[in-house]
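One file, protein.pdb, carrying PDB, C-alpha atoms and all ligand atoms:
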```
ATOM      1  CA  MET I   1      85.007 -99.719 -85.089
ATOM      2  CA  PRO I   2      88.759 -99.105 -84.925
ATOM      3  CA  VAL I   3      89.746 -95.444 -85.012
ATOM      4  CA  PRO I   4      92.799 -94.516 -87.117
ATOM      5  CA  GLN I   5      95.950 -93.238 -85.438
ATOM      6  CA  PHE I   6      95.924 -90.140 -87.623
ATOM      7  CA  ALA I   7      92.692 -89.119 -89.321
ATOM      8  CA  ASP I   8      94.460 -86.506 -91.470
ATOM      9  CA  MET I   9      96.387 -89.091 -93.511
ATOM     10  CA  ASN I  10      95.624 -89.345 -97.211
ATOM     11  CA  TRP I  11      95.807 -93.017 -98.157
ATOM     12  CA  GLN I  12      94.199 -92.514-101.559
ATOM     13  CA  PRO I  13      97.497 -92.642-103.523
ATOM     14  CA  VAL I  14      98.205 -96.027-101.921
ATOM     15  CA  ILE I  15      94.702 -97.351-102.604
ATOM     16  CA  ASP I  16      94.910 -96.180-106.233
ATOM     17  CA  ALA I  17      98.361 -97.684-106.779
ATOM     18  CA  ILE I  18      97.215-101.005-105.339
ATOM     19  CA  SER I  19      94.006-101.142-107.354
ATOM     20  CA  LYS I  20      95.877-100.366-110.587
ATOM     21  CA  ALA I  21      98.525-103.052-110.038
ATOM     22  CA  GLY I  22      98.127-106.576-111.344
ATOM     23  CA  SER I  23     101.212-107.807-109.537
ATOM     24  CA  ILE I  24     102.631-106.522-106.279
ATOM     25  CA  VAL I  25     105.768-107.349-104.310
ATOM     26  CA  LEU I  26     105.984-106.441-100.622
ATOM     27  CA  ILE I  27     109.483-105.898 -99.297
ATOM     28  CA  THR I  28     111.117-104.717 -96.086
ATOM     29  CA  HIS I  29     114.670-103.781 -95.114
ATOM     30  CA  CYS I  30     117.718-106.048 -94.736
ATOM     31  CA  ASN I  31     117.986-107.797 -91.350
ATOM     32  CA  PRO I  32     114.274-107.272 -90.882
ATOM     33  CA  ASP I  33     112.777-106.519 -87.475
ATOM     34  CA  GLY I  34     109.340-107.095 -85.991
ATOM     35  CA  ASP I  35     107.923-103.939 -87.515
ATOM     36  CA  GLY I  36     109.107-104.733 -91.036
ATOM     37  CA  ILE I  37     107.904-108.340 -90.905
ATOM     38  CA  GLY I  38     104.666-107.594 -89.041
ATOM     39  CA  SER I  39     103.725-104.833 -91.497
ATOM     40  CA  GLN I  40     104.513-107.120 -94.407
ATOM     41  CA  MET I  41     102.437-110.039 -93.077
ATOM     42  CA  ALA I  42      99.411-107.893 -92.219
ATOM     43  CA  LEU I  43      99.380-106.154 -95.597
ATOM     44  CA  TYR I  44      99.967-109.435 -97.440
ATOM     45  CA  ASP I  45      97.027-111.024 -95.655
ATOM     46  CA  ALA I  46      94.776-108.126 -96.633
ATOM     47  CA  LEU I  47      95.935-107.869-100.253
ATOM     48  CA  THR I  48      95.561-111.589-100.913
ATOM     49  CA  GLU I  49      92.064-111.776 -99.439
ATOM     50  CA  SER I  50      90.267-111.394-102.748
ATOM     51  CA  GLY I  51      92.587-113.877-104.438
ATOM     52  CA  THR I  52      92.463-111.929-107.693
ATOM     53  CA  ARG I  53      95.803-110.155-107.381
ATOM     54  CA  CYS I  54      99.253-111.607-107.737
ATOM     55  CA  VAL I  55     100.960-110.624-104.477
ATOM     56  CA  SER I  56     104.287-111.922-103.244
ATOM     57  CA  MET I  57     106.807-111.094-100.543
ATOM     58  CA  HIS I  58     110.524-110.869-101.144
ATOM     59  CA  ASN I  59     113.215-109.765 -98.669
ATOM     60  CA  ARG I  60     116.987-109.837 -98.946
ATOM     61  CA  ASP I  61     117.219-111.627 -95.586
ATOM     62  CA  GLY I  62     115.077-114.316 -94.033
ATOM     63  CA  VAL I  63     112.374-113.884 -91.436
ATOM     64  CA  PRO I  64     113.975-113.964 -87.956
ATOM     65  CA  ARG I  65     113.041-117.090 -86.000
ATOM     66  CA  ILE I  66     111.153-115.084 -83.383
ATOM     67  CA  TYR I  67     108.733-113.809 -86.039
ATOM     68  CA  SER I  68     108.316-117.082 -87.922
ATOM     69  CA  PHE I  69     105.108-117.825 -85.983
ATOM     70  CA  LEU I  70     103.260-115.088 -87.881
ATOM     71  CA  THR I  71     100.909-116.391 -90.553
ATOM     72  CA  HIS I  72     102.467-116.185 -94.065
ATOM     73  CA  ALA I  73     106.016-115.864 -92.669
ATOM     74  CA  ASP I  74     106.898-119.050 -94.565
ATOM     75  CA  GLN I  75     105.893-117.433 -97.852
ATOM     76  CA  VAL I  76     108.635-114.811 -97.941
ATOM     77  CA  GLN I  77     111.137-115.348-100.732
ATOM     78  CA  MET I  78     114.725-114.549 -99.888
ATOM     79  CA  GLY I  79     117.891-113.250-101.486
ATOM     80  CA  GLU I  80     118.413-110.753-104.280
ATOM     81  CA  TRP I  81     115.526-110.465-106.697
ATOM     82  CA  PRO I  82     116.292-112.787-109.636
ATOM     83  CA  LEU I  83     116.601-110.445-112.589
ATOM     84  CA  ASP I  84     115.137-113.008-114.973
ATOM     85  CA  ALA I  85     111.936-113.085-112.908
ATOM     86  CA  ALA I  86     108.870-111.159-114.097
ATOM     87  CA  THR I  87     108.875-107.491-113.150
ATOM     88  CA  PRO I  88     106.009-106.569-110.792
ATOM     89  CA  ASP I  89     103.764-103.575-111.468
ATOM     90  CA  LEU I  90     104.152-102.299-107.938
ATOM     91  CA  ILE I  91     106.778-102.642-105.220
ATOM     92  CA  ILE I  92     105.700-101.679-101.723
ATOM     93  CA  ALA I  93     108.662-100.951 -99.426
ATOM     94  CA  LEU I  94     107.752-101.172 -95.744
ATOM     95  CA  ASP I  95     109.599 -99.669 -92.773
ATOM     96  CA  CYS I  96     112.643 -98.823 -94.870
ATOM     97  CA  GLY I  97     114.403 -95.447 -94.689
ATOM     98  CA  ALA I  98     116.551 -95.704 -97.806
ATOM     99  CA  ARG I  99     116.367 -97.692-101.034
ATOM    100  CA  GLY I 100     119.791 -99.196-100.480
ATOM    101  CA  ARG I 101     118.535-100.742 -97.230
ATOM    102  CA  LEU I 102     116.259-102.995 -99.282
ATOM    103  CA  GLY I 103     119.387-104.790-100.503
ATOM    104  CA  MET I 104     118.107-105.257-104.058
ATOM    105  CA  PRO I 105     119.874-104.573-107.373
ATOM    106  CA  ASP I 106     119.224-101.096-108.810
ATOM    107  CA  ALA I 107     117.867-102.550-112.052
ATOM    108  CA  TRP I 108     114.935-104.047-110.159
ATOM    109  CA  PHE I 109     113.488-100.586-109.604
ATOM    110  CA  ASP I 110     113.546 -99.577-113.287
ATOM    111  CA  GLY I 111     110.065-100.678-114.339
ATOM    112  CA  PRO I 112     107.728-100.923-111.357
ATOM    113  CA  THR I 113     106.075 -98.153-109.391
ATOM    114  CA  LEU I 114     107.816 -97.894-106.030
ATOM    115  CA  LEU I 115     105.608 -97.143-103.046
ATOM    116  CA  ASN I 116     107.416 -96.210 -99.845
ATOM    117  CA  ILE I 117     105.472 -96.596 -96.569
ATOM    118  CA  ASP I 118     107.565 -95.750 -93.539
ATOM    119  CA  HIS I 119     107.767 -93.880 -90.232
ATOM    120  CA  HIS I 120     111.486 -93.022 -90.069
ATOM    121  CA  ALA I 121     112.105 -89.264 -89.831
ATOM    122  CA  SER I 122     115.330 -89.902 -91.752
ATOM    123  CA  ASN I 123     113.486 -91.471 -94.723
ATOM    124  CA  ARG I 124     115.060 -90.415 -98.016
ATOM    125  CA  LEU I 125     111.713 -90.334 -99.886
ATOM    126  CA  PHE I 126     113.072 -92.776-102.462
ATOM    127  CA  GLY I 127     109.685 -93.912-103.796
ATOM    128  CA  ASP I 128     107.540 -92.772-106.708
ATOM    129  CA  ILE I 129     104.887 -92.442-104.018
ATOM    130  CA  ASN I 130     106.053 -91.665-100.479
ATOM    131  CA  ILE I 131     103.794 -92.099 -97.477
ATOM    132  CA  VAL I 132     106.262 -91.233 -94.757
ATOM    133  CA  ASP I 133     105.160 -89.963 -91.382
ATOM    134  CA  ALA I 134     107.321 -89.954 -88.280
ATOM    135  CA  ARG I 135     104.334 -89.387 -85.999
ATOM    136  CA  TYR I 136     103.642 -93.111 -86.236
ATOM    137  CA  CYS I 137     105.122 -95.358 -83.552
ATOM    138  CA  ALA I 138     105.586 -98.140 -86.119
ATOM    139  CA  THR I 139     105.029 -98.898 -89.785
ATOM    140  CA  GLY I 140     102.608-101.527 -88.488
ATOM    141  CA  ALA I 141     100.463 -98.695 -87.127
ATOM    142  CA  MET I 142     100.449 -97.182 -90.627
ATOM    143  CA  ILE I 143      99.169-100.492 -91.978
ATOM    144  CA  PHE I 144      96.495-100.391 -89.267
ATOM    145  CA  ASP I 145      95.352 -97.016 -90.641
ATOM    146  CA  LEU I 146      95.671 -98.170 -94.249
ATOM    147  CA  LEU I 147      93.404-101.160 -93.606
ATOM    148  CA  ILE I 148      90.790 -98.841 -92.108
ATOM    149  CA  ALA I 149      91.070 -96.572 -95.158
ATOM    150  CA  MET I 150      90.672 -99.639 -97.403
ATOM    151  CA  HIS I 151      87.628-100.757 -95.403
ATOM    152  CA  MET I 152      89.344-104.018 -94.637
ATOM    153  CA  PRO I 153      88.445-105.401 -91.202
ATOM    154  CA  LEU I 154      91.043-106.773 -88.820
ATOM    155  CA  ASN I 155      91.199-110.522 -88.388
ATOM    156  CA  LYS I 156      93.349-112.573 -86.023
ATOM    157  CA  ASP I 157      96.282-112.856 -88.452
ATOM    158  CA  ARG I 158      96.377-109.164 -89.346
ATOM    159  CA  ALA I 159      95.891-108.096 -85.734
ATOM    160  CA  SER I 160      98.659-110.420 -84.495
ATOM    161  CA  ALA I 161     101.110-109.199 -87.137
ATOM    162  CA  ILE I 162     100.394-105.541 -86.406
ATOM    163  CA  TYR I 163     100.566-106.216 -82.666
ATOM    164  CA  ALA I 164     104.021-107.782 -83.077
ATOM    165  CA  ALA I 165     105.123-104.769 -85.148
ATOM    166  CA  VAL I 166     103.903-102.232 -82.602
ATOM    167  CA  LEU I 167     105.066-104.241 -79.575
ATOM    168  CA  THR I 168     108.639-104.384 -80.850
ATOM    169  CA  ASP I 169     108.899-100.848 -82.261
ATOM    170  CA  THR I 170     107.591 -99.256 -79.050
ATOM    171  CA  ALA I 171     109.888-101.403 -76.866
ATOM    172  CA  SER I 172     106.807-103.142 -75.435
ATOM    173  CA  PHE I 173     104.694 -99.989 -75.256
ATOM    174  CA  ARG I 174     107.327 -98.195 -73.221
ATOM    175  CA  LEU I 175     108.755 -95.578 -75.602
ATOM    176  CA  ALA I 176     107.436 -92.028 -75.722
ATOM    177  CA  SER I 177     105.743 -92.977 -79.002
ATOM    178  CA  SER I 178     103.198 -95.006 -76.953
ATOM    179  CA  THR I 179     100.438 -92.407 -77.054
ATOM    180  CA  PRO I 180      96.845 -92.911 -75.890
ATOM    181  CA  ALA I 181      95.961 -93.634 -79.531
ATOM    182  CA  VAL I 182      98.585 -96.400 -79.622
ATOM    183  CA  TYR I 183      97.080 -98.060 -76.551
ATOM    184  CA  ARG I 184      93.617 -97.746 -78.139
ATOM    185  CA  MET I 185      94.979 -99.437 -81.254
ATOM    186  CA  ALA I 186      96.451-102.190 -79.062
ATOM    187  CA  ALA I 187      92.994-102.679 -77.548
ATOM    188  CA  ASP I 188      91.493-103.002 -81.041
ATOM    189  CA  LEU I 189      94.180-105.505 -82.014
ATOM    190  CA  VAL I 190      93.600-107.638 -78.933
ATOM    191  CA  LYS I 191      89.850-107.454 -79.496
ATOM    192  CA  ALA I 192      90.411-108.711 -83.053
ATOM    193  CA  GLY I 193      92.320-111.747 -81.816
ATOM    194  CA  ALA I 194      95.935-110.737 -81.122
ATOM    195  CA  GLU I 195      97.059-112.601 -77.988
ATOM    196  CA  PRO I 196      99.554-110.517 -75.978
ATOM    197  CA  TRP I 197     101.203-113.270 -73.961
ATOM    198  CA  PRO I 198     101.668-115.909 -76.695
ATOM    199  CA  ILE I 199     103.101-113.206 -78.964
ATOM    200  CA  THR I 200     105.383-112.016 -76.150
ATOM    201  CA  VAL I 201     106.590-115.569 -75.545
ATOM    202  CA  GLN I 202     107.464-115.972 -79.233
ATOM    203  CA  VAL I 203     109.265-112.641 -79.454
ATOM    204  CA  TYR I 204     110.939-112.224 -76.056
ATOM    205  CA  GLU I 205     110.869-115.566 -74.256
ATOM    206  CA  SER I 206     112.333-117.907 -76.878
ATOM    207  CA  ARG I 207     116.064-117.254 -76.604
ATOM    208  CA  SER I 208     118.271-120.136 -77.736
ATOM    209  CA  LEU I 209     120.944-121.504 -75.425
ATOM    210  CA  ALA I 210     123.624-120.330 -77.885
ATOM    211  CA  GLY I 211     121.942-116.951 -77.715
ATOM    212  CA  MET I 212     122.308-116.950 -73.953
ATOM    213  CA  HIS I 213     126.019-117.709 -74.321
ATOM    214  CA  ILE I 214     126.658-114.901 -76.776
ATOM    215  CA  MET I 215     124.735-112.623 -74.442
ATOM    216  CA  THR I 216     127.118-113.294 -71.566
ATOM    217  CA  ALA I 217     130.124-112.944 -73.908
ATOM    218  CA  CYS I 218     128.763-109.661 -75.247
ATOM    219  CA  LEU I 219     127.938-108.222 -71.826
ATOM    220  CA  ASP I 220     131.443-109.129 -70.756
ATOM    221  CA  THR I 221     132.739-106.529 -73.248
ATOM    222  CA  LEU I 222     130.842-103.774 -71.452
ATOM    223  CA  GLU I 223     132.764-100.559 -71.260
ATOM    224  CA  MET I 224     131.610 -97.335 -69.657
ATOM    225  CA  ARG I 225     132.723 -94.061 -71.230
ATOM    226  CA  ASP I 226     131.859 -90.371 -71.137
ATOM    227  CA  ASN I 227     131.771 -90.259 -67.325
ATOM    228  CA  ASN I 228     129.466 -93.281 -67.296
ATOM    229  CA  ARG I 229     126.954 -91.586 -69.586
ATOM    230  CA  SER I 230     127.649 -93.996 -72.459
ATOM    231  CA  ALA I 231     127.776 -97.809 -72.298
ATOM    232  CA  TRP I 232     129.470 -99.850 -75.019
ATOM    233  CA  VAL I 233     129.212-103.507 -75.934
ATOM    234  CA  TYR I 234     130.355-105.407 -79.004
ATOM    235  CA  VAL I 235     130.223-108.778 -80.762
ATOM    236  CA  THR I 236     133.034-110.129 -82.945
ATOM    237  CA  THR I 237     133.174-112.996 -85.446
ATOM    238  CA  ASP I 238     135.145-114.930 -82.881
ATOM    239  CA  MET I 239     132.256-114.755 -80.436
ATOM    240  CA  TYR I 240     129.842-116.131 -83.028
ATOM    241  CA  THR I 241     132.206-119.018 -83.693
ATOM    242  CA  LYS I 242     132.737-119.840 -80.030
ATOM    243  CA  THR I 243     129.074-119.778 -79.038
ATOM    244  CA  GLY I 244     127.446-121.050 -82.228
ATOM    245  CA  ALA I 245     125.049-118.120 -82.019
ATOM    246  CA  ASP I 246     124.045-116.008 -84.996
ATOM    247  CA  VAL I 247     123.137-112.402 -85.610
ATOM    248  CA  GLU I 248     119.512-112.938 -84.564
ATOM    249  CA  ASP I 249     120.711-113.927 -81.117
ATOM    250  CA  THR I 250     122.216-110.469 -80.607
ATOM    251  CA  GLU I 251     118.798-108.806 -80.813
ATOM    252  CA  GLY I 252     118.067-106.785 -77.707
ATOM    253  CA  LEU I 253     121.554-106.989 -76.163
ATOM    254  CA  ILE I 254     121.979-103.242 -76.512
ATOM    255  CA  ASP I 255     119.010-102.699 -74.215
ATOM    256  CA  TYR I 256     120.996-104.139 -71.306
ATOM    257  CA  ALA I 257     123.678-101.520 -71.894
ATOM    258  CA  ARG I 258     121.101 -98.756 -71.921
ATOM    259  CA  SER I 259     119.422-100.114 -68.796
ATOM    260  CA  ILE I 260     122.359 -99.119 -66.583
ATOM    261  CA  ASP I 261     121.486 -96.281 -64.241
ATOM    262  CA  GLY I 262     122.805 -92.961 -65.530
ATOM    263  CA  VAL I 263     123.544 -94.210 -69.040
ATOM    264  CA  GLU I 264     122.197 -91.872 -71.685
ATOM    265  CA  VAL I 265     123.524 -93.494 -74.864
ATOM    266  CA  ALA I 266     124.134 -97.193 -75.461
ATOM    267  CA  VAL I 267     126.337 -98.345 -78.322
ATOM    268  CA  PHE I 268     126.393-101.852 -79.734
ATOM    269  CA  ILE I 269     128.982-102.724 -82.389
ATOM    270  CA  ARG I 270     128.755-106.056 -84.169
ATOM    271  CA  CYS I 271     130.744-107.463 -87.037
ATOM    272  CA  ASP I 272     128.941-107.788 -90.348
ATOM    273  CA  GLU I 273     128.332-111.454 -91.061
ATOM    274  CA  HIS I 274     128.909-110.844 -94.794
ATOM    275  CA  ALA I 275     132.071-108.728 -94.811
ATOM    276  CA  ALA I 276     135.200-108.647 -92.684
ATOM    277  CA  ASP I 277     136.102-105.237 -91.302
ATOM    278  CA  ARG I 278     132.563-104.033 -91.709
ATOM    279  CA  TRP I 279     130.555-103.202 -88.610
ATOM    280  CA  LYS I 280     126.951-102.530 -87.800
ATOM    281  CA  VAL I 281     126.611 -99.984 -85.067
ATOM    282  CA  SER I 282     123.366 -99.599 -83.125
ATOM    283  CA  PHE I 283     122.462 -96.769 -80.790
ATOM    284  CA  ARG I 284     119.859 -96.395 -78.088
ATOM    285  CA  GLY I 285     119.114 -93.111 -76.350
ATOM    286  CA  LYS I 286     117.485 -92.810 -72.966
ATOM    287  CA  THR I 287     116.245 -89.258 -72.371
ATOM    288  CA  PHE I 288     117.620 -86.188 -74.152
ATOM    289  CA  ALA I 289     120.143 -87.639 -76.585
ATOM    290  CA  ASN I 290     118.802 -87.897 -80.136
ATOM    291  CA  VAL I 291     120.604 -90.952 -81.484
ATOM    292  CA  GLY I 292     118.834 -90.579 -84.845
ATOM    293  CA  THR I 293     120.811 -87.399 -85.469
ATOM    294  CA  LEU I 294     123.909 -89.055 -84.076
ATOM    295  CA  ALA I 295     123.582 -91.990 -86.491
ATOM    296  CA  ALA I 296     122.901 -89.648 -89.413
ATOM    297  CA  GLU I 297     126.227 -87.926 -88.754
ATOM    298  CA  LEU I 298     127.851 -91.303 -89.326
ATOM    299  CA  GLY I 299     125.926 -91.962 -92.532
ATOM    300  CA  GLY I 300     123.092 -93.960 -90.964
ATOM    301  CA  GLY I 301     119.659 -93.077 -89.669
ATOM    302  CA  GLY I 302     116.772 -94.033 -87.439
ATOM    303  CA  HIS I 303     114.661 -92.598 -84.677
ATOM    304  CA  ALA I 304     115.399 -90.369 -81.690
ATOM    305  CA  HIS I 305     115.651 -93.356 -79.328
ATOM    306  CA  ALA I 306     116.888 -96.093 -81.669
ATOM    307  CA  ALA I 307     119.153 -95.756 -84.680
ATOM    308  CA  GLY I 308     122.121 -97.292 -86.446
ATOM    309  CA  CYS I 309     124.808 -97.038 -89.085
ATOM    310  CA  GLN I 310     127.407 -99.161 -90.837
ATOM    311  CA  LEU I 311     131.125 -98.440 -90.758
ATOM    312  CA  SER I 312     134.284-100.022 -92.154
ATOM    313  CA  GLY I 313     137.668-100.436 -90.539
ATOM    314  CA  THR I 314     139.104-102.181 -87.527
ATOM    315  CA  LEU I 315     137.025-102.385 -84.374
ATOM    316  CA  ASP I 316     139.294 -99.816 -82.745
ATOM    317  CA  ASP I 317     138.941 -97.373 -85.682
ATOM    318  CA  VAL I 318     135.199 -97.712 -85.610
ATOM    319  CA  ARG I 319     134.997 -97.165 -81.863
ATOM    320  CA  GLU I 320     137.112 -94.061 -82.115
ATOM    321  CA  ARG I 321     134.985 -92.544 -84.873
ATOM    322  CA  VAL I 322     131.773 -93.338 -83.041
ATOM    323  CA  GLN I 323     133.192 -92.075 -79.761
ATOM    324  CA  ALA I 324     133.764 -88.582 -81.143
ATOM    325  CA  VAL I 325     130.120 -88.243 -82.214
ATOM    326  CA  VAL I 326     128.732 -89.801 -79.030
ATOM    327  CA  SER I 327     130.726 -87.410 -76.825
ATOM    328  CA  ARG I 328     129.577 -84.452 -78.892
ATOM    329  CA  THR I 329     125.956 -85.594 -78.585
ATOM    330  CA  LEU I 330     126.275 -85.968 -74.822
ATOM    331  CA  PHE I 331     128.175 -82.852 -73.922
ATOM    332  CA  ASN I 332     127.189 -80.193 -76.470
TER     333      ASN I 332
HETATM  334 MN    MN J 401     109.749 -99.408 -87.665
END
```
Please lay out the structure from this file as structure tokens.
Amino acid sequence: MPVPQFADMNWQPVIDAISKAGSIVLITHCNPDGDGIGSQMALYDALTESGTRCVSMHNRDGVPRIYSFLTHADQVQMGEWPLDAATPDLIIALDCGARGRLGMPDAWFDGPTLLNIDHHASNRLFGDINIVDARYCATGAMIFDLLIAMHMPLNKDRASAIYAAVLTDTASFRLASSTPAVYRMAADLVKAGAEPWPITVQVYESRSLAGMHIMTACLDTLEMRDNNRSAWVYVTTDMYTKTGADVEDTEGLIDYARSIDGVEVAVFIRCDEHAADRWKVSFRGKTFANVGTLAAELGGGGHAHAAGCQLSGTLDDVRERVQAVVSRTLFN
């Protein structure tokens, strides 16, 4: 029998909210990642098992290509919630630190109960019910525990989705969050049918050729600062146009910047595909630097090793503002 990550969790409020709801919408954050999508797919599979509930999935942005192999990925509705659509009884937000990051109109949240399940320390506790715990390596691991609490066994689909969530949020079981309990969970997931190599191939070994080209263009922008303790790369609209790549193809590029010997903080700045002069800034920390705090200072959030924020202005303005906080983080 699978053992929960944290036996002291109280999942009863979640179980009660779910059993009371006739209609449920599962949602994750804008530009979803493996944890958001994996958590969503696993929970959707479990909640639709009985077939008696009306459960749907709705995200502002589409499922990234590398996660489209997960069962039910094709059932996610996209875009802003249509306000003429029926209001659900319950909205379950997964892996999302702030309500605004869901990318939905405020009015949508007026009627339904909002349940917030997340593992970001920076979570703003925006739900009517908040199950937020930063001890978890991934929201997918919270779903793992929730399924145990609900007495719902793992199957291949649920195990694969949770595996993808945990694999990506632990940087392939390499981050400090990869505790013995996380490896035990991975064993349970594999036992239940998750296949490590096929999932790895989908997630990490399926780069498009355009993606390869934007990678070389991006790495060409590499700049070392702070006495080689910080490494900076960026992607501009122009680079998207030239290579034919899209935002999904930039996934993981920041890790190359961090991988340089001696680099403590990696910074990746990319233009927002929806708005000119708006930039998404990602941070990765290597050892002591807490980039979650760093990002929070710039109005964003995240974890100690991975975080981000959004800023407006010219690329140079943005770099200068970020630089001040990065230097302070490194040398204070
Ligand atoms: Mn996560």
Inset, instruction - Name the residues in contact with stretch 293-302 of chain I at a cut-off of 10 Å, using only C-alpha atoms, excluding same-chain residues fewer than 4 positions from it; report them as an MDAnalysis selection string. - result: chainID I and resid 96:98 119:124 280:283 285 289 306:311 321:322 325:326 328:329
Set out as CSV a contact list for chain I and ligand MN 401 (chain J) with a cut-off of 9 Å, giving each residue of chain I that qualifies its closest atom pair and distance in Å to one decimal, counting all atoms listed in the file, ordered by chain and rising residue number.
```
residue,atom,partner,partner_atom,distance
I:Asp33,CA,J:MN401,MN,7.7
I:Gly34,CA,J:MN401,MN,7.9
I:Asp35,CA,J:MN401,MN,4.9
I:Gly36,CA,J:MN401,MN,6.3
I:Ser39,CA,J:MN401,MN,9.0
I:Leu94,CA,J:MN401,MN,8.5
I:Asp95,CA,J:MN401,MN,5.1
I:Cys96,CA,J:MN401,MN,7.8
I:Asp118,CA,J:MN401,MN,7.3
I:His119,CA,J:MN401,MN,6.4
I:His120,CA,J:MN401,MN,7.0
I:Tyr136,CA,J:MN401,MN,8.9
I:Cys137,CA,J:MN401,MN,7.4
I:Ala138,CA,J:MN401,MN,4.6
I:Thr139,CA,J:MN401,MN,5.2
I:Gly140,CA,J:MN401,MN,7.5
I:Ala165,CA,J:MN401,MN,7.5
I:Val166,CA,J:MN401,MN,8.2
I:Thr168,CA,J:MN401,MN,8.5
I:Asp169,CA,J:MN401,MN,5.7
I:Thr170,CA,J:MN401,MN,8.9
I:Gly302,CA,J:MN401,MN,8.8
I:His303,CA,J:MN401,MN,8.9
```
Legend entry - Ground truth for the PyMOL selection byres (((chain I and resi 238) around 12) and not hetatm), written as a ChimeraX atom specification: /I:214,217-218,234-237,239-246,270-271,273,276
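Considering all atoms listed in the file, the residue among I:Gln75, I:Gln202, I:Thr216, I:Thr113 positioned nearest to I:Pro88 is I:Thr113.
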Inset, instruction - Name the residues in contact with stretch 12-26 of chain I at a cut-off of 10 Å, using only C-alpha atoms, excluding same-chain residues fewer than 5 positions from it; report them as a PyMOL selection string. - result: chain I and resi 39-41+43-44+47+52-59+76+86-94+112-117+129-131+146-147+149-150
Inset, instruction - Measuring atom to atom with only C-alpha atoms, identify which of I:Phe6, I:Glu320, I:Pro198, I:Thr221 is nearest to I:Ile148. - result: I:Phe6
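With distances taken over only C-alpha atoms, I:Arg135 is the one residue among I:Val265, I:Glu80, I:Arg135, I:Val3 lying closest to I:Ser178.
Comparing the minimum interatomic distances between I:Ser68 and each of I:Lys191, I:His29, I:Ile199, I:Phe144, counting all atoms listed in the file, we find that I:Ile199 sits nearest.
Taking all atoms listed in the file into account, I:Pro4 lies nearest to I:Asp145 out of the set I:Asp145, I:Asp128, I:Asp84, I:Glu49.
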Legend entry - Output of the PyMOL selection byres (((chain I and resi 159) around 10) and not hetatm), listed as number ranges by chain: I: 38, 42, 140, 144, 153-158, 160-165, 185-186, 188-195
Box for stretch 101-107 of chain I - axis-aligned, 5 Å on each of the six sides, all listed atoms - centre and size in Å to one decimal, as JSON.
```
{"center_x": 118.1, "center_y": -103.0, "center_z": -104.6, "size_x": 13.6, "size_y": 14.5, "size_z": 24.8}
```
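Between atom CA of I:Gln5 and atom CA of I:Ala181 lies a distance of 5.9 Å.
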Inset, instruction - Measure the distance from atom CA of I:Lys286 to atom CA of I:His305 in Å and round it to one decimal. - result: 6.6 Å
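For the pair atom CA of I:Ala210 and atom CA of I:Leu222, the separation is 19.2 Å.
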Inset, instruction - Give as a ChimeraX atom specification each residue that has an atom at most 8 Å from (122.1, -101.7, -74.9) in the file, counting all atoms listed in the file. - result: /I:231-233,252-259,266-268,283-284
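Proximity ranking of I:Leu167, I:Arg319, I:Ser327, I:Arg60 relative to I:Trp197 places I:Leu167 first, based on only C-alpha atoms.
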